[in-house]
file coords-v5.cif (mmCIF, N, CA, C and O atoms)
data_work
loop_
_atom_site.label_atom_id
_atom_site.label_comp_id
_atom_site.auth_asym_id
_atom_site.auth_seq_id
_atom_site.Cartn_x
_atom_site.Cartn_y
_atom_site.Cartn_z
N MET X 131 -83.51 76.42 -78.67
CA MET X 131 -82.56 75.48 -78.11
C MET X 131 -83.24 74.12 -78.02
O MET X 131 -84.33 74.02 -77.48
N ARG X 132 -82.59 73.11 -78.57
CA ARG X 132 -83.19 71.79 -78.60
C ARG X 132 -82.61 70.87 -77.53
O ARG X 132 -81.98 69.86 -77.82
N LEU X 133 -82.86 71.24 -76.28
CA LEU X 133 -82.56 70.40 -75.13
C LEU X 133 -83.76 70.48 -74.20
O LEU X 133 -84.31 71.56 -73.98
N SER X 134 -84.15 69.37 -73.63
CA SER X 134 -85.27 69.36 -72.69
C SER X 134 -84.80 69.88 -71.33
O SER X 134 -83.60 69.84 -71.01
N PRO X 135 -85.73 70.36 -70.50
CA PRO X 135 -85.35 70.79 -69.15
C PRO X 135 -84.61 69.72 -68.35
O PRO X 135 -83.62 70.04 -67.67
N PRO X 136 -85.02 68.43 -68.41
CA PRO X 136 -84.24 67.42 -67.67
C PRO X 136 -82.81 67.26 -68.21
O PRO X 136 -81.88 67.01 -67.44
N MET X 137 -82.64 67.41 -69.52
CA MET X 137 -81.30 67.32 -70.10
C MET X 137 -80.44 68.48 -69.61
O MET X 137 -79.27 68.29 -69.25
N ILE X 138 -81.01 69.68 -69.60
CA ILE X 138 -80.28 70.86 -69.12
C ILE X 138 -79.87 70.68 -67.66
O ILE X 138 -78.73 70.94 -67.29
N ALA X 139 -80.80 70.20 -66.85
CA ALA X 139 -80.50 69.98 -65.43
C ALA X 139 -79.38 68.96 -65.25
O ALA X 139 -78.48 69.16 -64.42
N ALA X 140 -79.40 67.89 -66.04
CA ALA X 140 -78.35 66.87 -65.95
C ALA X 140 -77.00 67.42 -66.37
O ALA X 140 -75.98 67.13 -65.74
N ILE X 141 -76.98 68.22 -67.42
CA ILE X 141 -75.73 68.83 -67.89
C ILE X 141 -75.15 69.76 -66.83
O ILE X 141 -73.96 69.72 -66.52
N LYS X 142 -76.01 70.60 -66.27
CA LYS X 142 -75.54 71.54 -65.25
C LYS X 142 -75.04 70.81 -64.01
O LYS X 142 -74.01 71.18 -63.43
N ALA X 143 -75.75 69.77 -63.59
CA ALA X 143 -75.34 69.01 -62.41
C ALA X 143 -74.00 68.32 -62.65
O ALA X 143 -73.12 68.31 -61.78
N ALA X 144 -73.82 67.75 -63.83
CA ALA X 144 -72.55 67.09 -64.16
C ALA X 144 -71.40 68.09 -64.19
O ALA X 144 -70.29 67.80 -63.75
N ALA X 145 -71.67 69.30 -64.68
CA ALA X 145 -70.64 70.34 -64.73
C ALA X 145 -70.22 70.77 -63.33
O ALA X 145 -69.03 70.92 -63.05
N VAL X 146 -71.19 70.94 -62.45
CA VAL X 146 -70.87 71.32 -61.07
C VAL X 146 -70.07 70.21 -60.40
O VAL X 146 -69.07 70.47 -59.72
N GLU X 147 -70.48 68.96 -60.61
CA GLU X 147 -69.79 67.82 -60.01
C GLU X 147 -68.34 67.73 -60.50
O GLU X 147 -67.43 67.50 -59.72
N ALA X 148 -68.13 67.93 -61.79
CA ALA X 148 -66.80 67.73 -62.36
C ALA X 148 -65.91 68.97 -62.30
O ALA X 148 -64.72 68.86 -62.04
N PHE X 149 -66.50 70.15 -62.55
CA PHE X 149 -65.70 71.36 -62.70
C PHE X 149 -65.90 72.38 -61.59
O PHE X 149 -65.19 73.38 -61.55
N GLY X 150 -66.87 72.17 -60.72
CA GLY X 150 -67.13 73.11 -59.64
C GLY X 150 -68.25 74.07 -59.97
O GLY X 150 -68.67 74.21 -61.13
N GLY X 151 -68.72 74.76 -58.94
CA GLY X 151 -69.87 75.65 -59.08
C GLY X 151 -69.63 76.89 -59.91
O GLY X 151 -70.59 77.55 -60.31
N ASP X 152 -68.37 77.22 -60.20
CA ASP X 152 -68.10 78.42 -60.99
C ASP X 152 -67.96 78.12 -62.49
O ASP X 152 -67.70 79.02 -63.28
N ALA X 153 -68.18 76.88 -62.88
CA ALA X 153 -68.08 76.52 -64.30
C ALA X 153 -69.24 77.13 -65.08
O ALA X 153 -70.36 77.23 -64.57
N VAL X 154 -68.96 77.56 -66.30
CA VAL X 154 -69.98 78.10 -67.20
C VAL X 154 -70.15 77.11 -68.34
O VAL X 154 -69.17 76.75 -68.99
N VAL X 155 -71.39 76.68 -68.56
CA VAL X 155 -71.68 75.70 -69.61
C VAL X 155 -72.45 76.40 -70.73
O VAL X 155 -73.46 77.05 -70.47
N ARG X 156 -71.97 76.24 -71.95
CA ARG X 156 -72.64 76.80 -73.12
C ARG X 156 -72.99 75.67 -74.09
O ARG X 156 -72.18 74.80 -74.35
N LEU X 157 -74.20 75.75 -74.62
CA LEU X 157 -74.59 74.89 -75.72
C LEU X 157 -74.30 75.67 -76.99
O LEU X 157 -74.63 76.86 -77.10
N PHE X 158 -73.63 75.02 -77.95
CA PHE X 158 -73.38 75.69 -79.22
C PHE X 158 -73.56 74.67 -80.33
O PHE X 158 -73.83 73.50 -80.08
N GLY X 159 -73.46 75.10 -81.56
CA GLY X 159 -73.63 74.19 -82.68
C GLY X 159 -75.08 74.06 -83.10
O GLY X 159 -75.92 74.92 -82.80
N SER X 160 -75.41 72.96 -83.75
CA SER X 160 -76.73 72.80 -84.36
C SER X 160 -77.87 72.74 -83.35
O SER X 160 -79.00 73.11 -83.68
N ARG X 161 -77.62 72.32 -82.13
CA ARG X 161 -78.71 72.22 -81.14
C ARG X 161 -79.21 73.59 -80.67
O ARG X 161 -80.25 73.68 -80.02
N VAL X 162 -78.50 74.64 -81.00
CA VAL X 162 -78.95 76.00 -80.66
C VAL X 162 -80.11 76.41 -81.56
O VAL X 162 -80.98 77.17 -81.16
N ASP X 163 -80.14 75.86 -82.76
CA ASP X 163 -81.14 76.21 -83.78
C ASP X 163 -82.40 75.38 -83.58
O ASP X 163 -82.40 74.16 -83.79
N ASP X 164 -83.50 76.05 -83.22
CA ASP X 164 -84.77 75.37 -82.99
C ASP X 164 -85.34 74.74 -84.26
O ASP X 164 -86.15 73.82 -84.18
N GLN X 165 -84.96 75.23 -85.42
CA GLN X 165 -85.50 74.73 -86.68
C GLN X 165 -84.73 73.52 -87.22
O GLN X 165 -85.22 72.83 -88.10
N ALA X 166 -83.54 73.28 -86.72
CA ALA X 166 -82.72 72.17 -87.21
C ALA X 166 -83.22 70.85 -86.62
O ALA X 166 -84.04 70.82 -85.71
N ARG X 167 -82.69 69.77 -87.15
CA ARG X 167 -83.04 68.44 -86.65
C ARG X 167 -81.76 67.66 -86.41
O ARG X 167 -80.77 67.84 -87.10
N GLY X 168 -81.82 66.76 -85.42
CA GLY X 168 -80.67 65.91 -85.15
C GLY X 168 -79.47 66.69 -84.65
O GLY X 168 -79.58 67.79 -84.14
N GLY X 169 -78.32 66.09 -84.80
CA GLY X 169 -77.07 66.76 -84.42
C GLY X 169 -76.57 66.35 -83.06
O GLY X 169 -77.32 65.94 -82.18
N ASP X 170 -75.26 66.45 -82.91
CA ASP X 170 -74.61 66.18 -81.63
C ASP X 170 -74.98 67.26 -80.62
O ASP X 170 -75.42 68.34 -80.98
N ILE X 171 -74.75 66.95 -79.36
CA ILE X 171 -74.85 67.96 -78.31
C ILE X 171 -73.44 68.52 -78.15
O ILE X 171 -72.54 67.81 -77.69
N ASP X 172 -73.25 69.76 -78.58
CA ASP X 172 -71.94 70.43 -78.49
C ASP X 172 -71.94 71.32 -77.26
O ASP X 172 -72.73 72.26 -77.18
N LEU X 173 -71.06 71.01 -76.32
CA LEU X 173 -70.98 71.76 -75.07
C LEU X 173 -69.60 72.39 -74.91
O LEU X 173 -68.58 71.76 -75.20
N HIS X 174 -69.60 73.62 -74.45
CA HIS X 174 -68.36 74.34 -74.14
C HIS X 174 -68.38 74.61 -72.64
O HIS X 174 -69.35 75.17 -72.12
N ILE X 175 -67.34 74.18 -71.97
CA ILE X 175 -67.23 74.38 -70.53
C ILE X 175 -66.10 75.36 -70.27
O ILE X 175 -64.96 75.13 -70.68
N GLU X 176 -66.42 76.43 -69.57
CA GLU X 176 -65.41 77.39 -69.12
C GLU X 176 -65.17 77.12 -67.65
O GLU X 176 -66.09 77.26 -66.83
N ALA X 177 -63.96 76.70 -67.31
CA ALA X 177 -63.66 76.29 -65.94
C ALA X 177 -62.38 76.95 -65.44
O ALA X 177 -61.57 77.45 -66.23
N SER X 178 -62.19 76.90 -64.14
CA SER X 178 -60.96 77.44 -63.56
C SER X 178 -59.78 76.62 -64.08
O SER X 178 -59.92 75.42 -64.36
N PRO X 179 -58.63 77.24 -64.24
CA PRO X 179 -57.46 76.55 -64.81
C PRO X 179 -57.08 75.26 -64.09
O PRO X 179 -56.63 74.31 -64.71
N ASP X 180 -57.30 75.21 -62.78
CA ASP X 180 -56.93 74.00 -62.04
C ASP X 180 -57.88 72.83 -62.28
O ASP X 180 -57.59 71.70 -61.89
N ARG X 181 -59.02 73.08 -62.93
CA ARG X 181 -59.98 72.01 -63.23
C ARG X 181 -60.19 71.80 -64.72
O ARG X 181 -60.93 70.90 -65.12
N ALA X 182 -59.58 72.61 -65.54
CA ALA X 182 -59.77 72.51 -67.00
C ALA X 182 -58.76 71.53 -67.59
O ALA X 182 -57.86 71.89 -68.34
N ASP X 183 -58.93 70.27 -67.22
CA ASP X 183 -58.00 69.24 -67.70
C ASP X 183 -58.78 67.98 -68.09
O ASP X 183 -59.99 67.90 -67.89
N ILE X 184 -58.07 67.03 -68.62
CA ILE X 184 -58.71 65.81 -69.13
C ILE X 184 -59.37 64.99 -68.02
O ILE X 184 -60.41 64.37 -68.24
N HIS X 185 -58.82 65.01 -66.83
CA HIS X 185 -59.40 64.24 -65.73
C HIS X 185 -60.79 64.74 -65.36
O HIS X 185 -61.71 63.95 -65.16
N HIS X 186 -60.94 66.06 -65.30
CA HIS X 186 -62.23 66.63 -64.98
C HIS X 186 -63.21 66.46 -66.15
O HIS X 186 -64.40 66.26 -65.94
N GLU X 187 -62.69 66.54 -67.36
CA GLU X 187 -63.55 66.32 -68.53
C GLU X 187 -64.10 64.89 -68.54
O GLU X 187 -65.28 64.66 -68.83
N VAL X 188 -63.27 63.92 -68.20
CA VAL X 188 -63.72 62.53 -68.14
C VAL X 188 -64.79 62.36 -67.06
O VAL X 188 -65.80 61.67 -67.28
N ARG X 189 -64.62 62.99 -65.92
CA ARG X 189 -65.64 62.94 -64.87
C ARG X 189 -66.96 63.51 -65.37
O ARG X 189 -68.03 62.96 -65.11
N PHE X 190 -66.88 64.64 -66.10
CA PHE X 190 -68.07 65.27 -66.67
C PHE X 190 -68.76 64.34 -67.67
O PHE X 190 -69.96 64.11 -67.58
N ARG X 191 -68.00 63.81 -68.60
CA ARG X 191 -68.57 62.91 -69.62
C ARG X 191 -69.20 61.67 -68.98
O ARG X 191 -70.27 61.24 -69.39
N THR X 192 -68.52 61.11 -68.00
CA THR X 192 -69.05 59.92 -67.32
C THR X 192 -70.37 60.23 -66.64
O THR X 192 -71.34 59.46 -66.77
N ALA X 193 -70.44 61.33 -65.93
CA ALA X 193 -71.69 61.72 -65.26
C ALA X 193 -72.81 61.95 -66.28
O ALA X 193 -73.95 61.55 -66.05
N LEU X 194 -72.48 62.57 -67.41
CA LEU X 194 -73.50 62.81 -68.43
C LEU X 194 -73.96 61.53 -69.09
O LEU X 194 -75.15 61.35 -69.35
N TRP X 195 -73.04 60.65 -69.41
CA TRP X 195 -73.43 59.38 -70.03
C TRP X 195 -74.35 58.59 -69.11
O TRP X 195 -75.31 57.96 -69.57
N LYS X 196 -74.09 58.61 -67.82
CA LYS X 196 -74.96 57.92 -66.86
C LYS X 196 -76.34 58.57 -66.81
O LYS X 196 -77.35 57.88 -66.73
N ALA X 197 -76.38 59.89 -66.85
CA ALA X 197 -77.65 60.61 -66.72
C ALA X 197 -78.46 60.63 -68.01
O ALA X 197 -79.68 60.52 -67.98
N LEU X 198 -77.78 60.78 -69.15
CA LEU X 198 -78.49 60.98 -70.41
C LEU X 198 -78.42 59.80 -71.37
O LEU X 198 -79.20 59.74 -72.32
N ASP X 199 -77.47 58.92 -71.17
CA ASP X 199 -77.25 57.82 -72.11
C ASP X 199 -77.12 58.36 -73.52
O ASP X 199 -77.70 57.86 -74.46
N GLU X 200 -76.37 59.44 -73.64
CA GLU X 200 -76.21 60.16 -74.91
C GLU X 200 -74.82 59.88 -75.46
O GLU X 200 -73.82 60.14 -74.82
N GLU X 201 -74.77 59.32 -76.66
CA GLU X 201 -73.48 59.00 -77.27
C GLU X 201 -72.94 60.14 -78.12
O GLU X 201 -71.75 60.26 -78.30
N GLN X 202 -73.81 60.95 -78.68
CA GLN X 202 -73.38 62.02 -79.57
C GLN X 202 -73.16 63.29 -78.76
O GLN X 202 -73.99 64.19 -78.74
N LEU X 203 -72.03 63.34 -78.09
CA LEU X 203 -71.72 64.43 -77.19
C LEU X 203 -70.31 64.93 -77.48
O LEU X 203 -69.35 64.16 -77.45
N ASP X 204 -70.19 66.20 -77.81
CA ASP X 204 -68.89 66.83 -78.02
C ASP X 204 -68.66 67.85 -76.91
O ASP X 204 -69.55 68.68 -76.65
N VAL X 205 -67.51 67.78 -76.28
CA VAL X 205 -67.20 68.67 -75.16
C VAL X 205 -65.88 69.38 -75.44
O VAL X 205 -64.90 68.75 -75.82
N VAL X 206 -65.90 70.70 -75.24
CA VAL X 206 -64.70 71.53 -75.35
C VAL X 206 -64.53 72.21 -74.00
O VAL X 206 -65.47 72.80 -73.48
N VAL X 207 -63.33 72.12 -73.43
CA VAL X 207 -63.07 72.72 -72.13
C VAL X 207 -62.07 73.87 -72.31
O VAL X 207 -61.01 73.70 -72.90
N GLU X 208 -62.45 75.02 -71.77
CA GLU X 208 -61.61 76.22 -71.80
C GLU X 208 -61.14 76.54 -70.39
O GLU X 208 -61.95 76.58 -69.46
N ALA X 209 -59.86 76.79 -70.24
CA ALA X 209 -59.32 77.24 -68.96
C ALA X 209 -59.51 78.75 -68.87
O ALA X 209 -58.94 79.50 -69.66
N ARG X 210 -60.33 79.17 -67.94
CA ARG X 210 -60.62 80.59 -67.75
C ARG X 210 -59.33 81.38 -67.55
O ARG X 210 -58.44 80.99 -66.81
N GLY X 211 -59.22 82.50 -68.29
CA GLY X 211 -58.06 83.38 -68.15
C GLY X 211 -56.91 83.06 -69.08
O GLY X 211 -55.96 83.83 -69.18
N ARG X 212 -56.97 81.93 -69.75
CA ARG X 212 -55.93 81.56 -70.70
C ARG X 212 -56.32 82.04 -72.10
O ARG X 212 -57.50 82.32 -72.36
N PRO X 213 -55.38 82.16 -73.02
CA PRO X 213 -55.72 82.61 -74.38
C PRO X 213 -56.78 81.69 -75.01
O PRO X 213 -56.69 80.47 -74.91
N GLN X 214 -57.75 82.31 -75.63
CA GLN X 214 -58.85 81.55 -76.24
C GLN X 214 -58.44 81.00 -77.61
O GLN X 214 -57.76 81.65 -78.38
N ARG X 215 -58.92 79.79 -77.87
CA ARG X 215 -58.78 79.18 -79.19
C ARG X 215 -59.96 79.61 -80.05
O ARG X 215 -60.93 80.20 -79.56
N TRP X 216 -59.92 79.32 -81.33
CA TRP X 216 -61.01 79.71 -82.23
C TRP X 216 -62.33 79.09 -81.77
O TRP X 216 -63.38 79.73 -81.85
N ILE X 217 -62.31 77.86 -81.28
CA ILE X 217 -63.54 77.18 -80.85
C ILE X 217 -64.12 77.85 -79.60
O ILE X 217 -65.33 77.95 -79.44
N ASP X 218 -63.26 78.35 -78.73
CA ASP X 218 -63.73 79.07 -77.54
C ASP X 218 -64.42 80.36 -77.95
O ASP X 218 -65.51 80.68 -77.45
N ARG X 219 -63.80 81.09 -78.87
CA ARG X 219 -64.40 82.35 -79.34
C ARG X 219 -65.75 82.09 -80.01
O ARG X 219 -66.71 82.83 -79.80
N ALA X 220 -65.84 81.03 -80.81
CA ALA X 220 -67.10 80.70 -81.48
C ALA X 220 -68.18 80.34 -80.47
O ALA X 220 -69.33 80.78 -80.59
N ALA X 221 -67.83 79.56 -79.45
CA ALA X 221 -68.81 79.17 -78.43
C ALA X 221 -69.29 80.37 -77.63
O ALA X 221 -70.47 80.49 -77.32
N HIS X 222 -68.39 81.29 -77.32
CA HIS X 222 -68.77 82.51 -76.59
C HIS X 222 -69.70 83.37 -77.46
O HIS X 222 -70.66 83.96 -76.95
N ARG X 223 -69.40 83.44 -78.72
CA ARG X 223 -70.16 84.29 -79.64
C ARG X 223 -71.53 83.71 -79.98
O ARG X 223 -72.53 84.41 -79.97
N GLU X 224 -71.59 82.41 -80.24
CA GLU X 224 -72.81 81.79 -80.75
C GLU X 224 -73.56 80.93 -79.74
O GLU X 224 -74.70 80.54 -79.97
N GLY X 225 -72.90 80.61 -78.63
CA GLY X 225 -73.49 79.66 -77.68
C GLY X 225 -74.51 80.30 -76.75
O GLY X 225 -74.61 81.51 -76.62
N ILE X 226 -75.26 79.41 -76.11
CA ILE X 226 -76.27 79.80 -75.13
C ILE X 226 -75.82 79.25 -73.78
O ILE X 226 -75.58 78.05 -73.64
N VAL X 227 -75.70 80.12 -72.79
CA VAL X 227 -75.33 79.68 -71.44
C VAL X 227 -76.50 78.92 -70.82
O VAL X 227 -77.64 79.39 -70.84
N LEU X 228 -76.20 77.73 -70.31
CA LEU X 228 -77.25 76.92 -69.68
C LEU X 228 -77.38 77.27 -68.22
O LEU X 228 -76.47 77.72 -67.59
#
call {"tool": "encode", "arguments": {"input": "coords-v5.cif", "output": "structure tokens"}}
result
Amino acid sequence: MRLSPPMIAAIKAAAVEAFGGDAVVRLFGSRVDDQARGGDIDLHIEASPDRADIHHEVRFRTALWKALDEEQLDVVVEARGRPQRWIDRAAHREGIVL
């Protein structure tokens, strides 16, 4: 996994702030591969249905941009208990829980 401990801590803190303590954050995509180089930070957030909306996602992104100053950030939000999309299934299958 190509994220530093401070980056992981910032991501987890932003997720708790925006989505609550029960949110599950997964890193997926190219940053999961230790041998790869570069790439966006692809994050999948599994949150309660009442928080899995654009307002909470904006709060999350804002907190992360302040903490990491990272522009290459892709975020996918899944409402827990709702039917999964293909991207949700891929993140669950291939992602690493932070």
call {"tool": "atom_distance", "arguments": {"input": "coords-v5.cif", "atom1": "atom CA of X:Trp216", "atom2": "atom CA of X:His186"}}
result
21.7 Å
call {"tool": "closest_residue", "arguments": {"input": "coords-v5.cif", "among": "X:Arg215, X:Arg181, X:Arg191, X:His222", "to": "X:Gly150", "atoms": "only C-alpha atoms"}}
result
X:Arg181
call {"tool": "closest_residue", "arguments": {"input": "coords-v5.cif", "among": "X:Ala177, X:Asp204, X:Arg132, X:Ala220", "to": "X:Gln165", "atoms": "only C-alpha atoms"}}
result
X:Arg132
call {"tool": "atom_distance", "arguments": {"input": "coords-v5.cif", "atom1": "atom N of X:Gln202", "atom2": "atom C of X:Asp172"}}
result
10.6 Å
call {"tool": "resolve_selection", "arguments": {"input": "coords-v5.cif", "expression": "the PyMOL selection byres ((chain X and resi 141) around 8)", "output": "number ranges by chain"}}
result
X: 134-140, 142-148, 155, 190, 193-194, 197-198, 228
call {"tool": "resolve_selection", "arguments": {"input": "coords-v5.cif", "expression": "the PyMOL selection byres ((chain X and resi 160) around 8)", "output": "VMD selection string"}}
result
chain X and resid 131 to 132 157 to 159 161 to 172
call {"tool": "residues_around", "arguments": {"input": "coords-v5.cif", "residues": "X:Ile217", "least_positions_apart": "5", "cutoff": "8 Å", "atoms": "all atoms listed in the file", "output": "PyMOL selection string"}}
result
chain X and resi 174+206+222-224
call {"tool": "atom_distance", "arguments": {"input": "coords-v5.cif", "atom1": "atom CA of X:Asp152", "atom2": "atom CA of X:Thr192"}}
result
19.6 Å
call {"tool": "select_by_dssp", "arguments": {"input": "coords-v5.cif", "residues": "stretch 138-209 of chain X", "states": "alpha helix (DSSP H)", "output": "PyMOL selection string"}}
result
chain X and resi 138-149+184-198
call {"tool": "axis_aligned_box", "arguments": {"input": "coords-v5.cif", "around": "stretch 172-182 of chain X", "padding_each_side": "4 Å", "output": "AutoDock Vina command-line options"}}
result
--center_x -64.9 --center_y 73.6 --center_z -70.2 --size_x 24.6 --size_y 15.7 --size_z 24.7
call {"tool": "residues_around", "arguments": {"input": "coords-v5.cif", "residues": "X:Pro179", "least_positions_apart": "6", "cutoff": "9 Å", "atoms": "only C-alpha atoms", "output": "number ranges by chain"}}
result
X: 208-212
call {"tool": "select_by_dssp", "arguments": {"input": "coords-v5.cif", "residues": "chain X", "states": "strand (DSSP E)", "output": "PyMOL selection string"}}
result
chain X and resi 154-158+171-177+203-209+226-227
call {"tool": "closest_residue", "arguments": {"input": "coords-v5.cif", "among": "X:Val205, X:Asp199, X:Phe149, X:Val227", "to": "X:Ser178", "atoms": "all atoms listed in the file"}}
result
X:Phe149
